[in-house]
$ cat final-v8.cif   # mmCIF, C-alpha atoms
data_start
#
loop_
_atom_site.group_PDB
_atom_site.id
_atom_site.type_symbol
_atom_site.label_atom_id
_atom_site.label_comp_id
_atom_site.auth_asym_id
_atom_site.auth_seq_id
_atom_site.Cartn_x
_atom_site.Cartn_y
_atom_site.Cartn_z
ATOM 1 C CA MET L 1 0.000 0.000 0.000
ATOM 2 C CA ILE L 2 1.103 3.555 -0.792
ATOM 3 C CA HIS L 3 0.389 6.181 1.891
ATOM 4 C CA HIS L 4 -0.083 9.948 1.511
ATOM 5 C CA LEU L 5 -0.637 12.338 4.419
ATOM 6 C CA ILE L 6 -3.090 15.079 3.502
ATOM 7 C CA PRO L 7 -4.119 18.310 5.293
ATOM 8 C CA GLU L 8 -7.690 18.689 6.531
ATOM 9 C CA ASN L 9 -8.888 21.029 3.762
ATOM 10 C CA ASP L 10 -7.558 18.709 1.056
ATOM 11 C CA VAL L 11 -9.224 15.708 2.708
ATOM 12 C CA ILE L 12 -12.592 17.453 2.437
ATOM 13 C CA ARG L 13 -11.968 18.459 -1.186
ATOM 14 C CA LEU L 14 -10.774 14.957 -2.084
ATOM 15 C CA HIS L 15 -13.898 13.416 -0.532
ATOM 16 C CA GLU L 16 -16.099 15.756 -2.602
ATOM 17 C CA LEU L 17 -14.121 14.937 -5.735
ATOM 18 C CA LEU L 18 -14.404 11.164 -5.218
ATOM 19 C CA CYS L 19 -18.152 11.416 -4.603
ATOM 20 C CA ALA L 20 -18.572 13.557 -7.735
ATOM 21 C CA ARG L 21 -16.783 10.848 -9.727
ATOM 22 C CA ASN L 22 -19.161 8.169 -8.403
ATOM 23 C CA TRP L 23 -16.765 6.447 -6.011
ATOM 24 C CA ILE L 24 -18.965 4.719 -3.409
ATOM 25 C CA GLY L 25 -17.832 5.486 0.162
ATOM 26 C CA ASP L 26 -18.349 3.208 3.178
ATOM 27 C CA TYR L 27 -17.445 4.751 6.552
ATOM 28 C CA ASN L 28 -15.823 2.684 9.340
ATOM 29 C CA ALA L 29 -16.394 4.560 12.626
ATOM 30 C CA GLU L 30 -13.903 2.483 14.629
ATOM 31 C CA LYS L 31 -11.069 3.325 12.212
ATOM 32 C CA HIS L 32 -12.477 6.789 11.342
ATOM 33 C CA GLN L 33 -11.834 5.782 7.750
ATOM 34 C CA ILE L 34 -13.765 5.763 4.456
ATOM 35 C CA ARG L 35 -13.395 2.896 2.006
ATOM 36 C CA TYR L 36 -14.092 4.034 -1.566
ATOM 37 C CA GLU L 37 -14.921 1.651 -4.401
ATOM 38 C CA LEU L 38 -15.344 2.185 -8.138
ATOM 39 C CA GLN L 39 -15.736 -0.934 -10.258
ATOM 40 C CA ASP L 40 -12.819 -3.149 -9.111
ATOM 41 C CA CYS L 41 -10.784 -0.310 -7.590
ATOM 42 C CA THR L 42 -10.533 0.345 -3.840
ATOM 43 C CA LEU L 43 -8.801 3.037 -1.847
ATOM 44 C CA PHE L 44 -8.961 4.164 1.780
ATOM 45 C CA LEU L 45 -9.031 7.614 3.359
ATOM 46 C CA ARG L 46 -8.408 7.885 7.103
ATOM 47 C CA LEU L 47 -9.981 11.127 8.216
ATOM 48 C CA PRO L 48 -8.194 13.624 10.464
ATOM 49 C CA LEU L 49 -9.320 13.193 14.058
ATOM 50 C CA GLN L 50 -11.060 16.592 14.017
ATOM 51 C CA VAL L 51 -13.090 15.942 10.846
ATOM 52 C CA VAL L 52 -16.639 14.850 11.593
ATOM 53 C CA TYR L 53 -18.415 12.266 9.422
ATOM 54 C CA PRO L 54 -20.689 12.729 7.488
ATOM 55 C CA ILE L 55 -18.438 15.449 6.087
ATOM 56 C CA ASN L 56 -20.118 18.830 5.744
ATOM 57 C CA PRO L 57 -17.722 21.464 4.330
ATOM 58 C CA LEU L 58 -20.022 24.277 5.483
ATOM 59 C CA THR L 59 -19.953 23.307 9.171
ATOM 60 C CA GLN L 60 -16.589 21.545 9.497
ATOM 61 C CA SER L 61 -14.757 24.819 10.171
ATOM 62 C CA LEU L 62 -17.070 25.404 13.155
ATOM 63 C CA GLN L 63 -16.150 22.094 14.798
ATOM 64 C CA VAL L 64 -14.011 22.242 17.956
ATOM 65 C CA LEU L 65 -12.750 18.845 19.080
ATOM 66 C CA ASN L 66 -11.414 18.261 22.597
ATOM 67 C CA TYR L 67 -9.390 15.076 22.901
ATOM 68 C CA VAL L 68 -6.970 13.126 25.036
ATOM 69 C CA LEU L 69 -3.932 11.199 23.834
ATOM 70 C CA VAL L 70 -2.547 8.388 25.978
ATOM 71 C CA MET L 71 0.442 6.284 24.911
ATOM 72 C CA VAL L 72 1.794 3.530 27.162
ATOM 73 C CA GLU L 73 4.672 1.059 27.034
ATOM 74 C CA SER L 74 6.510 -0.785 29.808
ATOM 75 C CA GLY L 75 7.983 1.852 32.081
ATOM 76 C CA LEU L 76 7.208 4.871 29.891
ATOM 77 C CA ALA L 77 3.981 6.689 29.073
ATOM 78 C CA ALA L 78 2.757 10.075 27.892
ATOM 79 C CA THR L 79 -0.629 11.759 28.133
ATOM 80 C CA GLY L 80 -1.936 14.995 26.676
ATOM 81 C CA TYR L 81 -5.126 17.012 26.596
ATOM 82 C CA PHE L 82 -5.817 19.068 23.467
ATOM 83 C CA GLU L 83 -8.487 21.588 22.567
ATOM 84 C CA ASP L 84 -8.578 21.409 18.790
ATOM 85 C CA SER L 85 -4.976 22.086 17.705
ATOM 86 C CA GLU L 86 -3.911 23.668 21.027
ATOM 87 C CA THR L 87 -1.891 21.662 23.558
ATOM 88 C CA VAL L 88 -3.434 22.452 26.945
ATOM 89 C CA HIS L 89 -1.522 19.950 29.097
ATOM 90 C CA HIS L 90 0.887 17.054 28.761
ATOM 91 C CA LYS L 91 2.737 14.747 31.142
ATOM 92 C CA VAL L 92 5.320 11.957 30.858
ATOM 93 C CA PHE L 93 5.409 9.008 33.290
ATOM 94 C CA ARG L 94 8.377 6.733 34.020
ATOM 95 C CA ALA L 95 8.734 3.629 36.178
ATOM 96 C CA TYR L 96 11.376 1.010 36.985
ATOM 97 C CA MET L 97 9.636 -1.896 35.251
ATOM 98 C CA VAL L 98 12.214 -3.471 32.940
ATOM 99 C CA ARG L 99 14.504 -6.324 33.976
ATOM 100 C CA LYS L 100 17.901 -5.089 32.773
ATOM 101 C CA LYS L 101 19.513 -8.429 31.827
ATOM 102 C CA GLN L 102 16.461 -9.906 30.086
ATOM 103 C CA GLY L 103 15.243 -6.592 28.656
ATOM 104 C CA LYS L 104 11.584 -7.400 29.326
ATOM 105 C CA SER L 105 9.086 -5.891 31.705
ATOM 106 C CA GLN L 106 8.321 -7.260 35.148
ATOM 107 C CA LEU L 107 4.711 -7.828 34.101
ATOM 108 C CA LYS L 108 5.785 -10.193 31.304
ATOM 109 C CA HIS L 109 8.172 -11.946 33.694
ATOM 110 C CA LEU L 110 5.313 -12.614 36.119
ATOM 111 C CA LYS L 111 3.545 -14.725 33.504
ATOM 112 C CA THR L 112 6.467 -17.126 33.326
ATOM 113 C CA LYS L 113 8.427 -17.297 36.596
ATOM 114 C CA GLY L 114 6.487 -15.025 38.911
ATOM 115 C CA LYS L 115 7.931 -12.640 41.497
ATOM 116 C CA SER L 116 10.920 -13.759 43.518
ATOM 117 C CA ARG L 117 13.707 -11.446 44.625
ATOM 118 C CA ALA L 118 13.484 -8.015 46.182
ATOM 119 C CA GLY L 119 14.232 -6.321 42.836
ATOM 120 C CA SER L 120 11.274 -8.080 41.261
ATOM 121 C CA ARG L 121 8.965 -6.931 44.040
ATOM 122 C CA VAL L 122 10.168 -3.346 43.615
ATOM 123 C CA ARG L 123 9.538 -3.512 39.873
ATOM 124 C CA LEU L 124 6.076 -4.970 40.419
ATOM 125 C CA ALA L 125 5.147 -2.273 42.930
ATOM 126 C CA GLU L 126 6.351 0.450 40.561
ATOM 127 C CA SER L 127 4.445 -1.167 37.680
ATOM 128 C CA LEU L 128 1.166 -1.068 39.580
ATOM 129 C CA GLN L 129 1.745 2.508 40.750
ATOM 130 C CA PHE L 130 2.682 3.488 37.193
ATOM 131 C CA PHE L 131 -0.768 2.642 35.823
ATOM 132 C CA SER L 132 -2.559 4.269 38.757
ATOM 133 C CA GLU L 133 -0.685 7.540 38.157
ATOM 134 C CA ILE L 134 -1.564 7.501 34.452
ATOM 135 C CA ASN L 135 -5.222 6.901 35.264
ATOM 136 C CA GLU L 136 -5.244 9.656 37.888
ATOM 137 C CA GLN L 137 -4.127 12.107 35.201
ATOM 138 C CA LEU L 138 -6.733 10.843 32.741
ATOM 139 C CA THR L 139 -9.400 11.166 35.425
ATOM 140 C CA ALA L 140 -8.403 14.791 35.942
ATOM 141 C CA TYR L 141 -8.663 15.465 32.210
ATOM 142 C CA LEU L 142 -12.146 14.019 31.913
ATOM 143 C CA ALA L 143 -13.408 15.492 35.201
ATOM 144 C CA ASN L 144 -12.449 19.046 34.267
ATOM 145 C CA ASN L 145 -13.048 19.119 30.523
ATOM 146 C CA ARG L 146 -15.419 17.996 27.806
ATOM 147 C CA VAL L 147 -13.569 15.172 26.024
ATOM 148 C CA ASP L 148 -14.866 14.083 22.611
ATOM 149 C CA LYS L 149 -12.167 11.551 21.675
ATOM 150 C CA ILE L 150 -9.623 9.399 23.529
ATOM 151 C CA ALA L 151 -6.757 8.359 21.230
ATOM 152 C CA VAL L 152 -4.852 5.399 22.649
ATOM 153 C CA SER L 153 -1.629 3.503 21.934
ATOM 154 C CA LEU L 154 -1.460 0.516 24.293
ATOM 155 C CA SER L 155 -0.358 -3.070 23.685
ATOM 156 C CA LYS L 156 -2.714 -5.965 24.440
ATOM 157 C CA THR L 157 -0.229 -7.219 27.052
ATOM 158 C CA LEU L 158 -0.694 -4.057 29.111
ATOM 159 C CA LEU L 159 -4.482 -3.744 28.733
ATOM 160 C CA PRO L 160 -5.366 -5.818 31.863
ATOM 161 C CA TYR L 161 -3.031 -3.721 34.015
ATOM 162 C CA PHE L 162 -4.296 -0.433 32.587
ATOM 163 C CA PHE L 163 -7.980 -1.255 33.140
ATOM 164 C CA GLY L 164 -7.350 -3.273 36.309
ATOM 165 C CA ALA L 165 -5.179 -0.719 38.126
ATOM 166 C CA LYS L 166 -5.994 0.305 41.697
ATOM 167 C CA VAL L 167 -7.041 3.629 40.226
ATOM 168 C CA PRO L 168 -9.031 2.607 37.105
ATOM 169 C CA PRO L 169 -9.231 4.753 33.965
ATOM 170 C CA PRO L 170 -12.268 7.084 33.786
ATOM 171 C CA PHE L 171 -13.722 5.079 30.887
ATOM 172 C CA ASP L 172 -14.262 1.414 30.048
ATOM 173 C CA LYS L 173 -13.041 -0.679 27.117
ATOM 174 C CA SER L 174 -16.262 -0.155 25.155
ATOM 175 C CA ASP L 175 -16.319 3.645 25.418
ATOM 176 C CA PRO L 176 -17.235 4.904 21.902
ATOM 177 C CA ARG L 177 -14.776 7.793 22.280
ATOM 178 C CA ILE L 178 -11.772 5.438 22.244
ATOM 179 C CA TYR L 179 -9.751 5.573 19.033
ATOM 180 C CA GLU L 180 -6.719 3.348 18.533
ATOM 181 C CA ILE L 181 -3.838 5.380 17.098
ATOM 182 C CA PRO L 182 -3.241 3.735 13.673
ATOM 183 C CA LYS L 183 0.528 3.844 13.866
ATOM 184 C CA HIS L 184 3.240 2.141 15.894
ATOM 185 C CA ILE L 185 4.681 4.516 18.503
ATOM 186 C CA PRO L 186 8.408 3.708 18.952
ATOM 187 C CA ASP L 187 8.804 5.464 22.335
ATOM 188 C CA CYS L 188 6.086 6.940 24.513
ATOM 189 C CA ASN L 189 7.842 10.242 25.216
ATOM 190 C CA TYR L 190 6.895 13.900 24.803
ATOM 191 C CA GLU L 191 8.364 14.195 21.292
ATOM 192 C CA ASN L 192 6.329 11.261 19.982
ATOM 193 C CA LEU L 193 3.221 12.478 21.796
ATOM 194 C CA MET L 194 3.428 15.666 19.751
ATOM 195 C CA GLN L 195 4.214 13.707 16.565
ATOM 196 C CA ALA L 196 1.124 11.570 17.209
ATOM 197 C CA HIS L 197 -0.913 14.744 17.700
ATOM 198 C CA TRP L 198 0.373 16.096 14.372
ATOM 199 C CA PHE L 199 -0.221 12.759 12.610
ATOM 200 C CA LEU L 200 -3.807 12.393 13.850
ATOM 201 C CA ARG L 201 -4.702 15.848 12.565
ATOM 202 C CA LYS L 202 -3.736 14.769 9.027
ATOM 203 C CA GLY L 203 -5.753 12.608 6.681
ATOM 204 C CA GLU L 204 -4.105 9.495 5.255
ATOM 205 C CA LEU L 205 -4.822 8.228 1.754
ATOM 206 C CA LYS L 206 -3.958 4.534 1.241
ATOM 207 C CA TYR L 207 -4.089 2.705 -2.074
ATOM 208 C CA PRO L 208 -2.363 -0.108 -4.032
ATOM 209 C CA SER L 209 0.425 0.813 -6.457
ATOM 210 C CA ALA L 210 -1.809 -0.248 -9.352
ATOM 211 C CA LEU L 211 -3.937 2.854 -8.665
ATOM 212 C CA SER L 212 -0.982 5.269 -8.654
ATOM 213 C CA SER L 213 -1.860 6.977 -11.935
ATOM 214 C CA THR L 214 -5.534 7.323 -10.939
ATOM 215 C CA VAL L 215 -4.627 8.819 -7.572
ATOM 216 C CA ASP L 216 -2.040 11.135 -9.142
ATOM 217 C CA GLN L 217 -4.758 12.546 -11.384
ATOM 218 C CA LEU L 218 -7.002 13.115 -8.384
ATOM 219 C CA LEU L 219 -4.268 14.772 -6.343
ATOM 220 C CA THR L 220 -3.275 17.151 -9.126
ATOM 221 C CA GLN L 221 -6.705 18.739 -8.716
ATOM 222 C CA LEU L 222 -5.894 19.607 -5.113
ATOM 223 C CA ARG L 223 -3.483 22.297 -3.996
ATOM 224 C CA PRO L 224 0.117 21.065 -3.456
ATOM 225 C CA MET L 225 0.200 18.865 -0.388
ATOM 226 C CA GLU L 226 2.360 19.667 2.626
ATOM 227 C CA ASP L 227 5.673 17.887 2.924
ATOM 228 C CA ASP L 228 5.064 14.676 4.854
ATOM 229 C CA ASN L 229 8.667 13.533 5.007
ATOM 230 C CA GLU L 230 8.802 14.532 8.685
ATOM 231 C CA LEU L 231 7.227 11.213 9.607
ATOM 232 C CA ASP L 232 9.348 8.959 7.416
ATOM 233 C CA ASP L 233 11.485 7.897 10.381
ATOM 234 C CA TRP L 234 8.777 8.109 13.034
#
$ encode --input "final-v8.cif" --output "structure tokens"
Amino acid sequence: MIHHLIPENDVIRLHELLCARNWIGDYNAEKHQIRYELQDCTLFLRLPLQVVYPINPLTQSLQVLNYVLVMVESGLAATGYFEDSETVHHKVFRAYMVRKKQGKSQLKHLKTKGKSRAGSRVRLAESLQFFSEINEQLTAYLANNRVDKIAVSLSKTLLPYFFGAKVPPPFDKSDPRIYEIPKHIPDCNYENLMQAHWFLRKGELKYPSALSSTVDQLLTQLRPMEDDNELDDW
């Protein structure tokens, strides 16, 4: 698949252009993505987080989206609260969770050999506190603000500890506001939190190489797209 990142205004114009050319769109709310089909051709357009579907160009500019980003890995996490494009608050969390020699987290170790030495007990205690502190911050976000979306990057291994922490998150697994960030986050630090914020506010056009000429013709009718090379190594 070929991927193009597209600014919000061009996403709206591209959607109008595809509809005018009789591409049939099918919206997937979980992925916030439209699948377009014309004869035997298929392409996908992930909408920017702030674009509301069904797309209405006349009212889209009036939309103000408040959202939370939460990214978690073993021993490192980052959260942020955003009002549209403005960063209102962010925080990074760290914990002593990784066994240095084995290079894996204490939580994964528990599934195989369980806790044993004092170091293991310290790592386990910090692991449990780690998730409670993250959830305390998320609770503060949702208690003090209207939150429309919750964008999450969290491995399946950590899900039970995140939702089963002593301080639980202020939402459950089935909350319709949850949106899984559609990109691997290499490190859950401040820099990648802001990169994720930037990425989610872009649309993403995905299509097979066989449709390259068709897509090129469509894109030439839009204004020149912003340089998306910033994310090549992210």
$ residues_around --input "final-v8.cif" --residues "Ser61 (chain L)" --least-positions-apart "2" --cutoff "12 Å" --atoms "all atoms listed in the file" --output "PyMOL selection string"
chain L and resi 8-9+12+50-52+55-59+63-65+84
$ closest_residue --input "final-v8.cif" --among "L:Ile6, L:Leu17, L:Ala151, L:Val11" --to "Glu30 (chain L)" --atoms "all atoms listed in the file"
L:Ala151
$ closest_residue --input "final-v8.cif" --among "L:Cys188, L:Ile2, L:Ala196, L:Ala78" --to "Leu138 (chain L)" --atoms "all atoms listed in the file"
L:Ala78
$ axis_aligned_box --input "final-v8.cif" --around "region 16-29 of chain L" --padding-each-side "3 Å" --output "lines of an AutoDock Vina configuration file"
center_x = -16.6
center_y = 9.2
center_z = 1.4
size_x = 11.0
size_y = 19.1
size_z = 28.4
$ resolve_selection --input "final-v8.cif" --expression "the PyMOL selection byres ((chain L and resi 212-216) around 12)" --output "NGL selection string"
:L and (1-4 or 14 or 17-18 or 21 or 38 or 41-45 or 205-211 or 217-222 or 224-225)
$ closest_residue --input "final-v8.cif" --among "L:Tyr67, L:Tyr96, L:Phe199, L:Phe171" --to "Glu83 (chain L)" --atoms "all atoms listed in the file"
L:Tyr67
$ atom_distance --input "final-v8.cif" --atom1 "CA of Val72 (chain L)" --atom2 "CA of Ala165 (chain L)"
13.7 Å
